[in-house]
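J.: Before we start, here is the structure in question, set down as structure tokens.
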There are 2 protein chains.
Amino acid sequence: MMRIIIAGFGTVGQGLAETLHKKSNLLSSGHDPVRIVAAFDSKSFAIDTDGLDPMGLVTRKANTGSVGTKKLIDGTDVLDSVEYDVLIEASPTNIETGGAGLRHIEHALSRGKDVITVNKGPLALKFKELSRLAEKNKSSILYEGTVGGAMPIINLCRENLQGERVRSIRGIFNGTCNFILSRMDNGSPFEQTLKEAQQLGYAETDPRYDIEGIDTACKVVILANSIFKRNVKFSDVSITGITSVSTEAIALANDHDMVIRLIGEVSDTVLDVSPRLIPKGHPLSVSGTLNTAQILTDLAGPITISGKGAGRIETASAILSDLMTLMGRRR
Amino acid sequence: MMRIIIAGFGTVGQGLAETLHKKSNLLSSGHDPVRIVAAFDSKSFAIDTDGLDPMGLVTRKANTGSVGTKKLIDGTDVLDSVEYDVLIEASPTNIETGGAGLRHIEHALSRGKDVITVNKGPLALKFKELSRLAEKNKSSILYEGTVGGAMPIINLCRENLQGERVRSIRGIFNGTCNFILSRMDNGSPFEQTLKEAQQLGYAETDPRYDIEGIDTACKVVILANSIFKRNVKFSDVSITGITSVSTEAIALANDHDMVIRLIGEVSDTVLDVSPRLIPKGHPLSVSGTLNTAQILTDLAGPITISGKGAGRIETASAILSDLMTLMGRRR
């Protein structure tokens with residue numbers, strides 16, 4: 001049996017619960033059936049060692065705004081009060097301190113529990129420390145969902161390209177910025193497209209995290225530490241967002257058969273987020289909210305992968321992939 | 001120790017030897033160092049239980065046209081005369097009978113040896129039989145290199161998307177056809193672009209295997225049997241090649257902002273190779289010799305992967321990936 005705790009029950013937590021329900025055949029058929037023994041959000045928690053019904057949690061959250069009926073003091077209290085195998089960390093990201101998510105992850109890893117996180121903040125701040133903590137306690141920390149949503153870039157590099165030397169990764173890692181820049185290709189000014197993105201739900205009310213390149217930088221840090229085995233932090237990234245990309249610059253690029261895209265680039269020596277000129281027809285010239293990454297390898301050459309960068313079910317799919325990796329390791 | 005035999009020492013076999021040399025640190029550092037104990041081509045063989053020098057084999061092949069100094073009667077004699085763990089099958093493809101490659105694979109699997117094949121013929125003809133033979137003898141048959149060269153589509157579906165239901169795969173699986181069709185986008189007639197492809201070494205002197213869709217059909221069969229768990233053969237595929245694609249048809253498509261590409265499509269019910277209209281800007285509208293596949297999944301939505309579909313080092317990279325999978329399983 002694989003006993004999981006879901007920390008954070010916002011969009012992603014709910015999408016995960018729906019996915020666990022939808023895939024219950026797959027997850028209960030093996031010799032390691034998955035059971036949700038606890039779930040909590042910022043205010044409440046629910047515990048049942050016999051297993052919580054995922055759709056029951058989703059319904060209660062929708063009806064009451066809370067995942068549980070009990071009042072939450074601190075998430076780590078929940079982690080202490082029930083036996084479990086895997087913490088799935090989906091609390092809101094905090095890029096300054098790591099927030100509650102960082103404490104949950106440290107608490108779980110230090111007790112030898114496996115962790116799957118879609119919360120980028122803790123990894124962007126403390127990647128090395130968390131990796132060491134996991135190693136010391138013989139536990140695992142997996143984080144496919146932190147970069148590119150449903151686009152399986154981390155596991156692709158780790159598993160399928162394991163014999164390759166990855167020379168560099170360049171990609172579009174923020175669907176909101178890409179949506180805005182794609183719309184600007186048609187002549188719409190920045191402020192107007194940002195409003196449109198907010199109306200469509202692609203951008204937050206406070207869009208700075210996306211448009212100033214912070215979200216992309218977090219992903220670049222995670223790729224640098226995981227794929228390139230570097231030891232870097234969020235503050236090491238050179239970041240330029242898209243707020244100063246003008247309609248004129250885009251028109252000029254268009255005259256030269258180019259588009260402007262916000263590109264995150266990482267290699268052994270590079271750690272950069274900035275708007276770049278990309279030739280039309282190049283794999284990185286894609287439009288819309290897709291995420292795309294071009295992985296340059298020594299043998300296979302360039303491998304390009306793209307997929308939906310966000311969305312509740314898409315992010316849940318990345319968690320599911322990590323969960324199945326853990327199930328495979330226990331076999 | 002992982003003792004390998006290389007069957008077939010043409011372009012791919014030589015590329016593999018070079019790659020094993022280049023990656024010797026990676027392959028000798030683990031507790032399972034890789035050693036080539038035999039290699040053979042259609043005329044000759046070489047054996048050394050202490051390990052053959054990969055670059056020595058490449059040099060001899062270049063200088064004498066033969067990989068070994070001993071005369072080959074039958075490849076299975078070599079397989080019988082040395083202890084080994086993995087057969088790497090890279091003989092020329094024969095789509096009518098499976099050729100020598102099929103006999104090598106059957107011989108190895110029936111004796112409990114693992115097989116990595118880049119030879120498509122045996123899988124397009126006898127996928128189910130070979131899978132059963134492997135299962136019965138507790139051996140493995142891996143074949144990443146048979147579909148899309150360096151584009152890791154099979155392992156991507158199997159490992160990274162293991163929690164997903166793959167609904168369909170549509171892709172460009174033949175770089176020669178795609179090169180020809182891309183050139184025709186600019187108004188060049190079919191016969192002229194085919195000659196150009198031959199001069200550039202992208203197309204064989206006898207190009208029928210590529211342009212009549214046979215190569216793409218073999219790949220579609222392998223995907224149907226491996227990813228969709230179907231039980232189909234080459235003869236089950238509905239095939240239309242690109243020989244009757246006219247300059248006029250391409251111009252008409254262009255008027256509607258479309259291109260024509262040779263698409264292989266496979267799902268639980270579809271098994272098709274034919275030229276299709278693809279909107280410009282769609283991930284399957286790529287130009288040049290790249291291979292691209294769009295995998296439609298239930299949770300993650302569409303995942304697109306592209307990479308170099310052919311080339312000696314690129315194909316060797318797929319073999320290396322399979323080899324490392326086997327090494328991982330032995331740990």
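Scheme for the structure tokens: letters A, B, ... for chains in order shown; per-chain residue numbers from 1; ligand numbers from 1 in order shown.
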Considering only strand (DSSP E) as DSSP defines it on the backbone, what residues of segment 62-291 of chain A qualify? List them as number ranges by chain.

T.: A: 70-71, 86-89, 114-117, 141-142, 166-172, 238-239, 258-267, 271-279, 290-291

J.: Give me, as a list of chain:residue names, the residues of chain B touching chain A, with the criterion being at most 6 Å (counting only C-alpha atoms).

T.: B:Ala150, B:Gly163, B:Leu299, B:Ala300, B:Ile303, B:Thr304, B:Ile305, B:Ser306, B:Gly307, B:Ile313, B:Glu314, B:Ser317, B:Ser321

J.: Considering only C-alpha atoms, return as JSON, numbers by chain whatever protein or nucleic-acid residues lie within 8 Å of Leu72 of chain B, sequence-local ones (same chain, fewer than 2 positions apart) excluded.

T.: {"B": [40, 41, 42, 43, 44, 45, 70, 74, 75]}

J.: I want to know what sits within 9 Å of Thr243 of chain B, based on only C-alpha atoms, with residues of the same chain fewer than 4 positions away left out; could you give that as number ranges by chain?

T.: B: 190-191, 211-212

J.: Once you have the residues from the selection above, write them out as a PDB file, in the first residue's frame, restricted to N, CA and C atoms.

T.:
ATOM      1  N   PHE B 190       8.425  16.493 -57.932  1.00  0.00           N
ATOM      2  CA  PHE B 190       8.804  15.310 -57.181  1.00  0.00           C
ATOM      3  C   PHE B 190      10.108  14.672 -57.675  1.00  0.00           C
ATOM      4  N   GLU B 191      10.177  14.402 -58.995  1.00  0.00           N
ATOM      5  CA  GLU B 191      11.341  13.681 -59.535  1.00  0.00           C
ATOM      6  C   GLU B 191      12.641  14.431 -59.250  1.00  0.00           C
ATOM      7  N   ILE B 211       9.800   6.162 -50.210  1.00  0.00           N
ATOM      8  CA  ILE B 211       8.756   6.994 -50.838  1.00  0.00           C
ATOM      9  C   ILE B 211       7.431   6.263 -51.017  1.00  0.00           C
ATOM     10  N   GLU B 212       7.448   4.947 -50.980  1.00  0.00           N
ATOM     11  CA  GLU B 212       6.168   4.236 -51.077  1.00  0.00           C
ATOM     12  C   GLU B 212       5.532   4.022 -49.697  1.00  0.00           C
TER      13      GLU B 212
END

J.: Which residue gives the smallest distance to Tyr209 of chain A among A:Asn231, A:Arg329, A:Asp272, A:Gly121, with only C-alpha atoms counted?

T.: A:Gly121

J.: List the spatial neighbours of Ile6 of chain A as a list of chain:residue names - criterion: any atom at most 8 Å away, only C-alpha atoms, same-chain residues fewer than 5 positions off excluded.

T.: A:Gly13, A:Ile36, A:Ala38, A:Ala39, A:Phe40, A:Leu87, A:Ile88, A:Glu89, A:Ala90

J.: Considering only helix (DSSP H, G or I) as DSSP defines it on the backbone, what residues of segment 119-201 of chain A qualify? List them as a ChimeraX atom specification.

T.: /A:120-136,144-146,153-160,175-184,190-199

J.: Which residues, written as a PyMOL selection string, have at least one atom at most 7 Å from Thr216 of chain B, with only C-alpha atoms counted and residues fewer than 4 positions away on the same chain left out?

T.: chain B and resi 173-174+220+264+273

J.: Would you list the contacts of segment 193-204 of chain B as number ranges by chain, taking every protein, DNA or RNA residue within 10 Å and counting only C-alpha atoms, but skipping same-chain residues closer than 5 positions in sequence?

T.: B: 175-177, 179-184, 187-188, 209-211, 243, 289, 310-311

J.: How many Å separate atom CA of Pro275 of chain A from atom CA of Thr205 of chain A?

T.: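 Atom-to-atom, atom CA of Pro275 of chain A and atom CA of Thr205 of chain A are spaced 22.3 Å apart.
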
J.: Which value, in Å to one decimal, gives the distance between atom CA of Ala217 of chain B and atom CA of Val118 of chain B?

T.: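 Computing the Euclidean distance for atom CA of Ala217 of chain B and atom CA of Val118 of chain B yields 15.3 Å.
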
J.: Just the number, please: distance in Å from atom CA of Asn254 of chain A to atom CA of Asp185 of chain A, one decimal.

T.: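 Separation between atom CA of Asn254 of chain A and atom CA of Asp185 of chain A: 7.7 Å.
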
J.: Let me make sure I understand: among B:Ala62, B:Ala224, B:Ile169, B:Ala134, which one has the smallest atom-to-atom distance to Ile105 of chain B if we use only C-alpha atoms?

T.: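 Smallest separation from Ile105 of chain B among the options: B:Ala134.
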
J.: Using only C-alpha atoms, pick whichever of B:Val82, B:Ile4, B:Leu20, B:Val266 has the shortest atom-to-atom distance to Lys229 of chain B.

T.: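 Among the listed residues, B:Val266 lies closest to Lys229 of chain B.
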